[in-house]
Structure formats: C-alpha cells, structure tokens
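File shown: entry32.cif (mmCIF, N, CA and C atoms).
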```cif
data_entry
#
loop_
_atom_site.label_atom_id
_atom_site.label_comp_id
_atom_site.auth_asym_id
_atom_site.auth_seq_id
_atom_site.Cartn_x
_atom_site.Cartn_y
_atom_site.Cartn_z
N GLY A 23 188.01 96.27 144.59
CA GLY A 23 188.02 94.82 144.49
C GLY A 23 188.06 94.17 145.86
N ASN A 24 187.96 92.88 145.87
CA ASN A 24 187.98 92.13 147.13
C ASN A 24 189.40 91.89 147.60
N TRP A 25 189.59 91.95 148.90
CA TRP A 25 190.88 91.68 149.50
C TRP A 25 190.96 90.19 149.77
N ILE A 26 192.08 89.57 149.41
CA ILE A 26 192.23 88.12 149.54
C ILE A 26 193.06 87.82 150.79
N ASN A 27 192.54 86.94 151.62
CA ASN A 27 193.27 86.58 152.84
C ASN A 27 194.42 85.63 152.54
N SER A 28 195.48 85.76 153.33
CA SER A 28 196.60 84.84 153.21
C SER A 28 196.77 84.09 154.51
N GLN A 29 197.54 83.01 154.43
CA GLN A 29 197.85 82.19 155.59
C GLN A 29 199.17 82.71 156.14
N ALA A 30 199.13 83.44 157.25
CA ALA A 30 200.35 84.04 157.77
C ALA A 30 200.15 84.45 159.22
N TYR A 31 201.26 84.80 159.87
CA TYR A 31 201.23 85.25 161.26
C TYR A 31 200.91 86.75 161.26
N ALA A 32 199.71 87.10 161.75
CA ALA A 32 199.18 88.46 161.63
C ALA A 32 200.14 89.58 162.07
N PRO A 33 200.79 89.47 163.24
CA PRO A 33 201.69 90.58 163.63
C PRO A 33 202.83 90.80 162.64
N TRP A 34 203.29 89.73 161.99
CA TRP A 34 204.36 89.89 161.00
C TRP A 34 203.83 90.56 159.74
N VAL A 35 202.61 90.19 159.32
CA VAL A 35 202.02 90.80 158.12
C VAL A 35 201.78 92.29 158.38
N GLU A 36 201.34 92.60 159.58
CA GLU A 36 201.15 94.01 159.97
C GLU A 36 202.47 94.76 159.85
N GLU A 37 203.55 94.14 160.31
CA GLU A 37 204.88 94.74 160.25
C GLU A 37 205.30 95.00 158.79
N ILE A 38 204.99 94.04 157.90
CA ILE A 38 205.29 94.20 156.47
C ILE A 38 204.60 95.45 155.94
N TRP A 39 203.28 95.56 156.19
CA TRP A 39 202.51 96.69 155.66
C TRP A 39 202.94 98.02 156.28
N ILE A 40 203.23 98.03 157.58
CA ILE A 40 203.68 99.27 158.23
C ILE A 40 204.95 99.77 157.54
N ASN A 41 205.88 98.87 157.29
CA ASN A 41 207.13 99.25 156.62
C ASN A 41 206.90 99.72 155.20
N LEU A 42 206.13 98.95 154.42
CA LEU A 42 205.94 99.30 153.01
C LEU A 42 205.13 100.58 152.84
N ILE A 43 204.11 100.77 153.67
CA ILE A 43 203.29 101.98 153.56
C ILE A 43 204.09 103.20 154.02
N SER A 44 204.83 103.07 155.13
CA SER A 44 205.60 104.23 155.59
C SER A 44 206.69 104.60 154.59
N ASN A 45 207.30 103.59 153.94
CA ASN A 45 208.28 103.89 152.89
C ASN A 45 207.62 104.58 151.70
N ALA A 46 206.43 104.12 151.32
CA ALA A 46 205.73 104.72 150.18
C ALA A 46 205.40 106.19 150.46
N ILE A 47 205.05 106.48 151.70
CA ILE A 47 204.76 107.87 152.08
C ILE A 47 206.05 108.68 152.10
N LYS A 48 207.09 108.11 152.72
CA LYS A 48 208.37 108.80 152.87
C LYS A 48 209.03 109.09 151.52
N TYR A 49 209.00 108.09 150.61
CA TYR A 49 209.71 108.22 149.34
C TYR A 49 208.79 108.51 148.17
N GLY A 50 207.50 108.70 148.44
CA GLY A 50 206.55 108.99 147.37
C GLY A 50 206.73 110.41 146.87
N GLY A 51 205.88 110.79 145.93
CA GLY A 51 205.96 112.14 145.36
C GLY A 51 205.38 113.16 146.33
N VAL A 52 205.25 114.38 145.85
CA VAL A 52 204.66 115.46 146.65
C VAL A 52 203.45 115.98 145.87
N PRO A 53 202.21 115.66 146.33
CA PRO A 53 201.91 114.80 147.47
C PRO A 53 202.08 113.33 147.10
N PRO A 54 202.29 112.46 148.11
CA PRO A 54 202.42 111.04 147.79
C PRO A 54 201.08 110.47 147.31
N VAL A 55 201.14 109.65 146.28
CA VAL A 55 199.96 108.92 145.80
C VAL A 55 200.32 107.45 145.90
N ILE A 56 199.54 106.72 146.68
CA ILE A 56 199.84 105.32 146.96
C ILE A 56 198.67 104.45 146.56
N LYS A 57 198.97 103.38 145.83
CA LYS A 57 197.94 102.42 145.46
C LYS A 57 198.34 101.06 146.02
N VAL A 58 197.34 100.31 146.50
CA VAL A 58 197.59 98.95 146.99
C VAL A 58 196.58 98.00 146.36
N GLY A 59 196.95 96.74 146.27
CA GLY A 59 196.02 95.77 145.71
C GLY A 59 196.52 94.36 145.94
N CYS A 60 195.74 93.41 145.45
CA CYS A 60 196.14 92.01 145.55
C CYS A 60 195.47 91.21 144.45
N GLU A 61 196.08 90.08 144.14
CA GLU A 61 195.53 89.19 143.12
C GLU A 61 196.03 87.77 143.38
N LEU A 62 195.23 86.80 142.95
CA LEU A 62 195.66 85.41 143.03
C LEU A 62 196.66 85.15 141.91
N THR A 63 197.74 84.44 142.21
CA THR A 63 198.75 84.20 141.18
C THR A 63 198.78 82.75 140.75
N GLY A 64 197.91 81.93 141.32
CA GLY A 64 197.99 80.49 141.06
C GLY A 64 199.01 79.89 142.01
N ASN A 65 199.19 78.57 141.97
CA ASN A 65 200.11 77.87 142.87
C ASN A 65 199.77 78.12 144.35
N GLY A 66 198.52 78.45 144.64
CA GLY A 66 198.12 78.65 146.03
C GLY A 66 198.72 79.87 146.69
N MET A 67 199.10 80.86 145.87
CA MET A 67 199.71 82.08 146.41
C MET A 67 198.85 83.30 146.08
N VAL A 68 198.95 84.30 146.94
CA VAL A 68 198.31 85.59 146.68
C VAL A 68 199.41 86.64 146.64
N LYS A 69 199.33 87.52 145.65
CA LYS A 69 200.33 88.59 145.48
C LYS A 69 199.70 89.90 145.96
N TYR A 70 200.36 90.55 146.91
CA TYR A 70 199.96 91.87 147.40
C TYR A 70 200.95 92.88 146.85
N TRP A 71 200.47 94.07 146.54
CA TRP A 71 201.39 95.08 146.01
C TRP A 71 201.06 96.47 146.50
N ILE A 72 202.09 97.31 146.48
CA ILE A 72 201.95 98.73 146.84
C ILE A 72 202.81 99.54 145.89
N LYS A 73 202.20 100.57 145.32
CA LYS A 73 202.89 101.41 144.33
C LYS A 73 202.90 102.84 144.82
N ASP A 74 204.05 103.51 144.68
CA ASP A 74 204.14 104.93 145.04
C ASP A 74 204.48 105.75 143.78
N ASN A 75 204.51 107.06 143.93
CA ASN A 75 204.77 107.95 142.80
C ASN A 75 206.04 108.77 143.01
N GLY A 76 206.99 108.19 143.72
CA GLY A 76 208.24 108.90 144.00
C GLY A 76 209.25 108.76 142.87
N ASP A 77 210.52 108.95 143.21
CA ASP A 77 211.59 108.89 142.20
C ASP A 77 212.08 107.47 141.94
N GLY A 78 211.53 106.53 142.66
CA GLY A 78 211.86 105.13 142.39
C GLY A 78 213.24 104.75 142.85
N ILE A 79 213.68 103.60 142.40
CA ILE A 79 214.95 103.01 142.83
C ILE A 79 215.70 102.56 141.59
N PRO A 80 216.93 103.05 141.40
CA PRO A 80 217.70 102.61 140.23
C PRO A 80 217.87 101.09 140.23
N LYS A 81 217.90 100.50 139.03
CA LYS A 81 217.97 99.04 138.89
C LYS A 81 219.13 98.42 139.67
N ASP A 82 220.29 99.08 139.67
CA ASP A 82 221.45 98.50 140.36
C ASP A 82 221.29 98.50 141.89
N GLN A 83 220.26 99.17 142.38
CA GLN A 83 220.01 99.20 143.82
C GLN A 83 218.93 98.20 144.25
N HIS A 84 218.25 97.57 143.29
CA HIS A 84 217.09 96.74 143.63
C HIS A 84 217.41 95.64 144.64
N GLN A 85 218.55 94.98 144.51
CA GLN A 85 218.89 93.92 145.46
C GLN A 85 219.43 94.51 146.76
N LYS A 86 220.20 95.58 146.63
CA LYS A 86 220.85 96.19 147.81
C LYS A 86 219.85 96.69 148.85
N ILE A 87 218.69 97.18 148.40
CA ILE A 87 217.76 97.78 149.37
C ILE A 87 217.23 96.77 150.38
N PHE A 88 217.32 95.48 150.06
CA PHE A 88 216.82 94.47 151.00
C PHE A 88 217.91 93.97 151.94
N ARG A 89 219.15 94.46 151.75
CA ARG A 89 220.27 93.98 152.56
C ARG A 89 220.53 94.91 153.73
N LYS A 90 220.60 94.38 154.89
CA LYS A 90 221.07 95.06 156.09
C LYS A 90 220.99 93.97 157.12
N HIS A 91 222.06 93.78 157.86
CA HIS A 91 222.07 92.65 158.78
C HIS A 91 221.41 93.07 160.08
N THR A 92 220.15 92.67 160.22
CA THR A 92 219.40 93.05 161.41
C THR A 92 218.66 91.83 161.93
N ARG A 93 218.30 91.88 163.19
CA ARG A 93 217.54 90.79 163.78
C ARG A 93 216.06 91.00 163.50
N LEU A 94 215.32 89.93 163.56
CA LEU A 94 213.87 90.00 163.34
C LEU A 94 213.20 90.49 164.63
N GLN A 95 213.24 91.80 164.83
CA GLN A 95 212.66 92.41 166.03
C GLN A 95 211.71 93.51 165.58
N PRO A 96 210.45 93.15 165.33
CA PRO A 96 209.50 94.15 164.82
C PRO A 96 209.46 95.45 165.64
N ALA A 97 209.69 95.36 166.94
CA ALA A 97 209.63 96.56 167.78
C ALA A 97 210.68 97.60 167.37
N LYS A 98 211.78 97.14 166.76
CA LYS A 98 212.87 98.05 166.40
C LYS A 98 212.92 98.30 164.90
N ALA A 99 211.81 98.01 164.21
CA ALA A 99 211.83 98.04 162.75
C ALA A 99 211.79 99.45 162.17
N SER A 100 211.39 100.45 162.97
CA SER A 100 211.23 101.77 162.36
C SER A 100 212.57 102.50 162.23
N GLY A 101 212.70 103.26 161.17
CA GLY A 101 213.87 104.12 160.99
C GLY A 101 215.13 103.39 160.55
N HIS A 102 216.12 104.18 160.19
CA HIS A 102 217.47 103.71 159.88
C HIS A 102 217.56 102.69 158.75
N GLY A 103 216.60 102.67 157.85
CA GLY A 103 216.68 101.83 156.66
C GLY A 103 216.71 100.33 156.92
N LEU A 104 216.29 99.91 158.10
CA LEU A 104 216.29 98.48 158.39
C LEU A 104 214.99 97.83 157.93
N GLY A 105 213.99 98.64 157.63
CA GLY A 105 212.66 98.14 157.31
C GLY A 105 212.61 97.07 156.25
N LEU A 106 213.27 97.32 155.10
CA LEU A 106 213.13 96.38 153.99
C LEU A 106 213.83 95.06 154.23
N SER A 107 214.94 95.07 154.96
CA SER A 107 215.60 93.80 155.25
C SER A 107 214.71 92.97 156.17
N ILE A 108 214.02 93.64 157.08
CA ILE A 108 213.10 92.94 157.99
C ILE A 108 211.90 92.42 157.21
N VAL A 109 211.37 93.25 156.32
CA VAL A 109 210.25 92.84 155.46
C VAL A 109 210.62 91.57 154.69
N LYS A 110 211.80 91.57 154.09
CA LYS A 110 212.25 90.42 153.29
C LYS A 110 212.34 89.17 154.16
N ARG A 111 212.93 89.31 155.33
CA ARG A 111 213.10 88.15 156.21
C ARG A 111 211.75 87.61 156.68
N ILE A 112 210.84 88.50 157.02
CA ILE A 112 209.50 88.06 157.47
C ILE A 112 208.81 87.31 156.34
N ILE A 113 208.79 87.91 155.15
CA ILE A 113 208.08 87.29 154.02
C ILE A 113 208.68 85.93 153.70
N GLU A 114 210.00 85.82 153.72
CA GLU A 114 210.63 84.53 153.43
C GLU A 114 210.34 83.50 154.53
N LYS A 115 210.29 83.94 155.79
CA LYS A 115 209.92 83.03 156.88
C LYS A 115 208.50 82.51 156.70
N LEU A 116 207.64 83.34 156.10
CA LEU A 116 206.24 82.96 155.86
C LEU A 116 206.08 82.15 154.57
N GLY A 117 207.18 81.85 153.91
CA GLY A 117 207.13 81.04 152.70
C GLY A 117 206.86 81.83 151.44
N GLY A 118 207.06 83.14 151.51
CA GLY A 118 206.79 84.00 150.36
C GLY A 118 208.04 84.63 149.79
N LYS A 119 207.83 85.62 148.93
CA LYS A 119 208.92 86.28 148.22
C LYS A 119 208.55 87.75 148.03
N VAL A 120 209.52 88.65 148.13
CA VAL A 120 209.28 90.08 147.91
C VAL A 120 210.10 90.55 146.72
N VAL A 121 209.49 91.42 145.91
CA VAL A 121 210.11 91.91 144.68
C VAL A 121 209.88 93.42 144.59
N VAL A 122 210.86 94.13 144.01
CA VAL A 122 210.65 95.54 143.71
C VAL A 122 210.78 95.73 142.21
N GLU A 123 209.89 96.55 141.65
CA GLU A 123 209.96 96.92 140.24
C GLU A 123 210.01 98.44 140.18
N SER A 124 211.04 98.96 139.51
CA SER A 124 211.17 100.41 139.38
C SER A 124 212.17 100.73 138.28
N THR A 125 211.85 101.79 137.53
CA THR A 125 212.76 102.22 136.47
C THR A 125 213.84 103.13 137.04
N GLY A 126 213.58 103.72 138.22
CA GLY A 126 214.51 104.68 138.79
C GLY A 126 214.36 106.06 138.17
N LYS A 127 213.30 106.25 137.35
CA LYS A 127 213.06 107.56 136.74
C LYS A 127 212.15 108.38 137.64
N LYS A 128 212.47 109.66 137.71
CA LYS A 128 211.73 110.60 138.56
C LYS A 128 210.22 110.53 138.30
N GLY A 129 209.46 110.38 139.37
CA GLY A 129 208.00 110.38 139.27
C GLY A 129 207.38 109.05 138.87
N GLU A 130 208.21 108.09 138.43
CA GLU A 130 207.65 106.79 138.02
C GLU A 130 207.49 105.83 139.20
N GLY A 131 208.05 106.21 140.33
CA GLY A 131 207.81 105.46 141.56
C GLY A 131 208.41 104.08 141.61
N ALA A 132 207.97 103.34 142.61
CA ALA A 132 208.40 101.96 142.82
C ALA A 132 207.19 101.13 143.15
N LEU A 133 207.22 99.88 142.72
CA LEU A 133 206.15 98.94 143.04
C LEU A 133 206.78 97.78 143.80
N PHE A 134 206.36 97.62 145.05
CA PHE A 134 206.80 96.50 145.86
C PHE A 134 205.69 95.46 145.87
N SER A 135 206.03 94.21 145.64
CA SER A 135 205.02 93.18 145.72
C SER A 135 205.59 92.01 146.52
N PHE A 136 204.68 91.31 147.16
CA PHE A 136 205.10 90.11 147.90
C PHE A 136 204.00 89.07 147.80
N LYS A 137 204.44 87.81 147.81
CA LYS A 137 203.51 86.69 147.71
C LYS A 137 203.49 85.94 149.02
N LEU A 138 202.28 85.52 149.41
CA LEU A 138 202.10 84.70 150.59
C LEU A 138 201.11 83.58 150.24
N PRO A 139 201.16 82.48 150.98
CA PRO A 139 200.20 81.40 150.74
C PRO A 139 198.76 81.88 150.99
N VAL A 140 197.85 81.45 150.12
CA VAL A 140 196.43 81.82 150.26
C VAL A 140 195.88 81.24 151.55
N GLY A 141 195.02 82.03 152.23
CA GLY A 141 194.42 81.58 153.48
C GLY A 141 193.39 80.47 153.26
N LYS A 142 193.26 79.62 154.25
CA LYS A 142 192.25 78.55 154.17
C LYS A 142 190.89 79.15 154.55
N VAL A 143 189.88 78.82 153.78
CA VAL A 143 188.55 79.38 154.07
C VAL A 143 187.80 78.46 155.01
#
```

Could you render the structure as structure tokens?
Amino acid sequence: GNWINSQAYAPWVEEIWINLISNAIKYGGVPPVIKVGCELTGNGMVKYWIKDNGDGIPKDQHQKIFRKHTRLQPAKASGHGLGLSIVKRIIEKLGGKVVVESTGKKGEGALFSFKLPVGKV
C-alpha cells in the first residue's frame, strides 16, 4: 500500500521508528516477524503501526512500559528501556498519541500504533 506522509519533525519521527523497530526485533519471536503499515483515521490524523510476533506485554504493564523519567535526548535513546518513554514524549510533543495492544500471550506479539497529523500536500 501507499505510505502516508505526516506533518512532523523528521529527526523525531526517525527516532520513533528506530525505537519501535529495534524493540520489535529485540522482543519479537525467533525469528522475528515484523509488519508495519499506516492508514488515515479521519480528523486529519494518520495512524502508523508496527506489529511483532513475540510474547507481547501483559495488560497490567501496558501503561508502565511508557514510564521512565528521561530527558528528550535522542542521542541517548538506545538501551536501558528508555526508548518507549522517549517515543511517547516525542509523539505527544508532535500532537499525537501512542498506544500498545497486546494480549500478553506467547507468540501473539504486540502492536504499537501512533497517530500524527497528516502532512500538507
């Protein structure tokens, strides 16, 4: 399908994808299978998503994974579980929202999605 452009600061969007893709590889199945996509959601927003085939995240952890008190310093974003808190802060600064969907069952993986304003053509 076609990739939809969003209105955002490119280095920050790159940081979002680096974090989400590296997490999908790290926590995916063996071998990791990763799918990405996007769709228009209406309200002038585009939803991007990434799905892995790992063991997923238990429901009671869904909010916790985005918490870690870190500064918005993309250069220091790798490692130590700071990635998702940085992803959340970047997306919210860009006027969007990030969500995780996962049953927490082995092999069912996790689906991370985030919305950003649609780019002007």

Mind telling me what the PyMOL selection byres ((chain A and resi 25) around 8) catches here, as a list in words?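 What the PyMOL selection byres ((chain A and resi 25) around 8) grabs from the file is Gly23, Asn24, Ile26, Asn27, Ser28, Gly59, Cys60 and Glu61 of chain A.
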
Based on DSSP run over this structure's backbone, return all residues of range 35-135 of chain A in alpha helix (DSSP H), as a ChimeraX atom specification. /A:35-49,105-115

Selected by the PyMOL selection byres ((chain A and resi 58) around 8) in the shown coordinates: which residues, as a short mmCIF file (atom, residue, chain, number, x, y, z; two decimals) with N, CA and C atoms, in the frame of the given file?
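What ended up in out-v8.cif:
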```
data_model
loop_
_atom_site.label_atom_id
_atom_site.label_comp_id
_atom_site.auth_asym_id
_atom_site.auth_seq_id
_atom_site.Cartn_x
_atom_site.Cartn_y
_atom_site.Cartn_z
N VAL A 55 201.14 109.65 146.28
CA VAL A 55 199.96 108.92 145.80
C VAL A 55 200.32 107.45 145.90
N ILE A 56 199.54 106.72 146.68
CA ILE A 56 199.84 105.32 146.96
C ILE A 56 198.67 104.45 146.56
N LYS A 57 198.97 103.38 145.83
CA LYS A 57 197.94 102.42 145.46
C LYS A 57 198.34 101.06 146.02
N GLY A 59 196.95 96.74 146.27
CA GLY A 59 196.02 95.77 145.71
C GLY A 59 196.52 94.36 145.94
N CYS A 60 195.74 93.41 145.45
CA CYS A 60 196.14 92.01 145.55
C CYS A 60 195.47 91.21 144.45
N TYR A 70 200.36 90.55 146.91
CA TYR A 70 199.96 91.87 147.40
C TYR A 70 200.95 92.88 146.85
N TRP A 71 200.47 94.07 146.54
CA TRP A 71 201.39 95.08 146.01
C TRP A 71 201.06 96.47 146.50
N ILE A 72 202.09 97.31 146.48
CA ILE A 72 201.95 98.73 146.84
C ILE A 72 202.81 99.54 145.89
N LYS A 73 202.20 100.57 145.32
CA LYS A 73 202.89 101.41 144.33
C LYS A 73 202.90 102.84 144.82
N ASP A 74 204.05 103.51 144.68
CA ASP A 74 204.14 104.93 145.04
C ASP A 74 204.48 105.75 143.78
#
```

Range 106-130 of chain A residues near range 76-90 of chain A within 8 Å, closest pair each, using only C-alpha atoms, as a tab-separated table:
```
residue	atom	partner	partner_atom	distance
A:Leu106	CA	A:Phe88	CA	5.1
A:Ser107	CA	A:Phe88	CA	4.5
A:Lys110	CA	A:Phe88	CA	6.5
A:Val122	CA	A:His84	CA	6.6
A:Glu123	CA	A:His84	CA	7.9
A:Ser124	CA	A:Gly78	CA	5.6
A:Thr125	CA	A:Pro80	CA	6.2
A:Gly126	CA	A:Pro80	CA	4.1
A:Lys127	CA	A:Asp77	CA	5.8
A:Lys128	CA	A:Asp77	CA	4.0
A:Gly129	CA	A:Asp77	CA	4.9
A:Glu130	CA	A:Asp77	CA	6.1
```

Just to confirm, what's the straight-line distance from atom C of Ser44 in chain A to CA of Pro139 in chain A in Å (one decimal)?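 Distance reported for this atom pair: 24.4 Å.
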
Considering only C-alpha atoms, state which residue in the set A:Gly118, A:Gly105, A:Pro53, A:Gly131 is at the smallest distance from Gly66 in chain A. A:Gly118

Kindly provide, as JSON, numbers by chain, the polymer residues lying within 8 Å of (205.2, 80.2, 153.7), counting all atoms listed in the file and using the coordinates exactly as they appear in the file. {"A": [29, 30, 113, 114, 115, 116, 117, 118, 119, 137, 138, 139]}

Which residue of A:Val109, A:Val140, A:Leu133, A:Val120 approaches Glu36 in chain A most closely, using only C-alpha atoms: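 Ranked by minimum distance to Glu36 in chain A, first place goes to A:Val109.
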
To test the calculation: enclose all listed atoms of range 66-84 of chain A in a box whose edges run along x, y and z, add 8 Å on each side, then state centre and edge lengths in Å to one decimal, as lines of an AutoDock Vina configuration file.
```
center_x = 209.8
center_y = 93.7
center_z = 143.1
size_x = 39.3
size_y = 46.5
size_z = 24.5
```

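Ranking A:Val52, A:Met67, A:Ile108, A:Val121 by their shortest atom-to-atom distance to Glu37 in chain A, with all atoms listed in the file included, puts A:Ile108 first.
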
Please, what distance in Å, to one decimal, runs between atom N of Lys69 in chain A and atom N of Trp34 in chain A?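 Taking atom N of Lys69 in chain A as the start and atom N of Trp34 in chain A as the end point, the length is 17.0 Å.
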
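Within range 52-124 of chain A, residues classed as strand (DSSP E or B) by DSSP on backbone coordinates are Lys57, Val58, Gly59, Cys60, Glu61, Leu62, Thr63, Gly64, Met67, Val68, Lys69, Tyr70, Trp71, Ile72, Lys73, Lys119, Val120, Val121, Val122 and Glu123 of chain A.
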
How would the residues just picked look written out with N, CA and C atoms as a PDB file, in the coordinates of the input?
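And here is the file that came out, again.pdb:
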```
ATOM      1  N   LYS A  57     198.970 103.380 145.830  1.00  0.00           N
ATOM      2  CA  LYS A  57     197.940 102.420 145.460  1.00  0.00           C
ATOM      3  C   LYS A  57     198.340 101.060 146.020  1.00  0.00           C
ATOM      4  N   VAL A  58     197.340 100.310 146.500  1.00  0.00           N
ATOM      5  CA  VAL A  58     197.590  98.950 146.990  1.00  0.00           C
ATOM      6  C   VAL A  58     196.580  98.000 146.360  1.00  0.00           C
ATOM      7  N   GLY A  59     196.950  96.740 146.270  1.00  0.00           N
ATOM      8  CA  GLY A  59     196.020  95.770 145.710  1.00  0.00           C
ATOM      9  C   GLY A  59     196.520  94.360 145.940  1.00  0.00           C
ATOM     10  N   CYS A  60     195.740  93.410 145.450  1.00  0.00           N
ATOM     11  CA  CYS A  60     196.140  92.010 145.550  1.00  0.00           C
ATOM     12  C   CYS A  60     195.470  91.210 144.450  1.00  0.00           C
ATOM     13  N   GLU A  61     196.080  90.080 144.140  1.00  0.00           N
ATOM     14  CA  GLU A  61     195.530  89.190 143.120  1.00  0.00           C
ATOM     15  C   GLU A  61     196.030  87.770 143.380  1.00  0.00           C
ATOM     16  N   LEU A  62     195.230  86.800 142.950  1.00  0.00           N
ATOM     17  CA  LEU A  62     195.660  85.410 143.030  1.00  0.00           C
ATOM     18  C   LEU A  62     196.660  85.150 141.910  1.00  0.00           C
ATOM     19  N   THR A  63     197.740  84.440 142.210  1.00  0.00           N
ATOM     20  CA  THR A  63     198.750  84.200 141.180  1.00  0.00           C
ATOM     21  C   THR A  63     198.780  82.750 140.750  1.00  0.00           C
ATOM     22  N   GLY A  64     197.910  81.930 141.320  1.00  0.00           N
ATOM     23  CA  GLY A  64     197.990  80.490 141.060  1.00  0.00           C
ATOM     24  C   GLY A  64     199.010  79.890 142.010  1.00  0.00           C
ATOM     25  N   MET A  67     199.100  80.860 145.870  1.00  0.00           N
ATOM     26  CA  MET A  67     199.710  82.080 146.410  1.00  0.00           C
ATOM     27  C   MET A  67     198.850  83.300 146.080  1.00  0.00           C
ATOM     28  N   VAL A  68     198.950  84.300 146.940  1.00  0.00           N
ATOM     29  CA  VAL A  68     198.310  85.590 146.680  1.00  0.00           C
ATOM     30  C   VAL A  68     199.410  86.640 146.640  1.00  0.00           C
ATOM     31  N   LYS A  69     199.330  87.520 145.650  1.00  0.00           N
ATOM     32  CA  LYS A  69     200.330  88.590 145.480  1.00  0.00           C
ATOM     33  C   LYS A  69     199.700  89.900 145.960  1.00  0.00           C
ATOM     34  N   TYR A  70     200.360  90.550 146.910  1.00  0.00           N
ATOM     35  CA  TYR A  70     199.960  91.870 147.400  1.00  0.00           C
ATOM     36  C   TYR A  70     200.950  92.880 146.850  1.00  0.00           C
ATOM     37  N   TRP A  71     200.470  94.070 146.540  1.00  0.00           N
ATOM     38  CA  TRP A  71     201.390  95.080 146.010  1.00  0.00           C
ATOM     39  C   TRP A  71     201.060  96.470 146.500  1.00  0.00           C
ATOM     40  N   ILE A  72     202.090  97.310 146.480  1.00  0.00           N
ATOM     41  CA  ILE A  72     201.950  98.730 146.840  1.00  0.00           C
ATOM     42  C   ILE A  72     202.810  99.540 145.890  1.00  0.00           C
ATOM     43  N   LYS A  73     202.200 100.570 145.320  1.00  0.00           N
ATOM     44  CA  LYS A  73     202.890 101.410 144.330  1.00  0.00           C
ATOM     45  C   LYS A  73     202.900 102.840 144.820  1.00  0.00           C
ATOM     46  N   LYS A 119     207.830  85.620 148.930  1.00  0.00           N
ATOM     47  CA  LYS A 119     208.920  86.280 148.220  1.00  0.00           C
ATOM     48  C   LYS A 119     208.550  87.750 148.030  1.00  0.00           C
ATOM     49  N   VAL A 120     209.520  88.650 148.130  1.00  0.00           N
ATOM     50  CA  VAL A 120     209.280  90.080 147.910  1.00  0.00           C
ATOM     51  C   VAL A 120     210.100  90.550 146.720  1.00  0.00           C
ATOM     52  N   VAL A 121     209.490  91.420 145.910  1.00  0.00           N
ATOM     53  CA  VAL A 121     210.110  91.910 144.680  1.00  0.00           C
ATOM     54  C   VAL A 121     209.880  93.420 144.590  1.00  0.00           C
ATOM     55  N   VAL A 122     210.860  94.130 144.010  1.00  0.00           N
ATOM     56  CA  VAL A 122     210.650  95.540 143.710  1.00  0.00           C
ATOM     57  C   VAL A 122     210.780  95.730 142.210  1.00  0.00           C
ATOM     58  N   GLU A 123     209.890  96.550 141.650  1.00  0.00           N
ATOM     59  CA  GLU A 123     209.960  96.920 140.240  1.00  0.00           C
ATOM     60  C   GLU A 123     210.010  98.440 140.180  1.00  0.00           C
TER      61      GLU A 123
END
```

To one decimal place in Å, what is the distance between atom N of Ser135 in chain A and atom C of Asn65 in chain A? 17.3 Å

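Between Ile38 in chain A and the candidates A:Ile112, A:Val68, A:Asn75, A:Thr63, the tightest atom-to-atom separation, counting all atoms listed in the file, involves A:Ile112.
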
Take range 107-117 of chain A, model N, CA, C and O atoms, and hand the result over as a compact mmCIF listing (two decimals), in the frame of the given file.
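Below is the file that was written, selection31.txt:
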```txt
# COMPACT_ATOMS: atom_id res chain seq x y z
N SER A 107 214.94 95.07 154.96
CA SER A 107 215.60 93.80 155.25
C SER A 107 214.71 92.97 156.17
O SER A 107 214.63 91.75 156.03
N ILE A 108 214.02 93.64 157.08
CA ILE A 108 213.10 92.94 157.99
C ILE A 108 211.90 92.42 157.21
O ILE A 108 211.49 91.28 157.37
N VAL A 109 211.37 93.25 156.32
CA VAL A 109 210.25 92.84 155.46
C VAL A 109 210.62 91.57 154.69
O VAL A 109 209.87 90.60 154.65
N LYS A 110 211.80 91.57 154.09
CA LYS A 110 212.25 90.42 153.29
C LYS A 110 212.34 89.17 154.16
O LYS A 110 211.86 88.10 153.79
N ARG A 111 212.93 89.31 155.33
CA ARG A 111 213.10 88.15 156.21
C ARG A 111 211.75 87.61 156.68
O ARG A 111 211.55 86.40 156.74
N ILE A 112 210.84 88.50 157.02
CA ILE A 112 209.50 88.06 157.47
C ILE A 112 208.81 87.31 156.34
O ILE A 112 208.29 86.21 156.54
N ILE A 113 208.79 87.91 155.15
CA ILE A 113 208.08 87.29 154.02
C ILE A 113 208.68 85.93 153.70
O ILE A 113 207.95 84.96 153.46
N GLU A 114 210.00 85.82 153.72
CA GLU A 114 210.63 84.53 153.43
C GLU A 114 210.34 83.50 154.53
O GLU A 114 210.12 82.33 154.23
N LYS A 115 210.29 83.94 155.79
CA LYS A 115 209.92 83.03 156.88
C LYS A 115 208.50 82.51 156.70
O LYS A 115 208.17 81.41 157.12
N LEU A 116 207.64 83.34 156.10
CA LEU A 116 206.24 82.96 155.86
C LEU A 116 206.08 82.15 154.57
O LEU A 116 204.97 81.84 154.16
N GLY A 117 207.18 81.85 153.91
CA GLY A 117 207.13 81.04 152.70
C GLY A 117 206.86 81.83 151.44
O GLY A 117 206.49 81.28 150.41
```
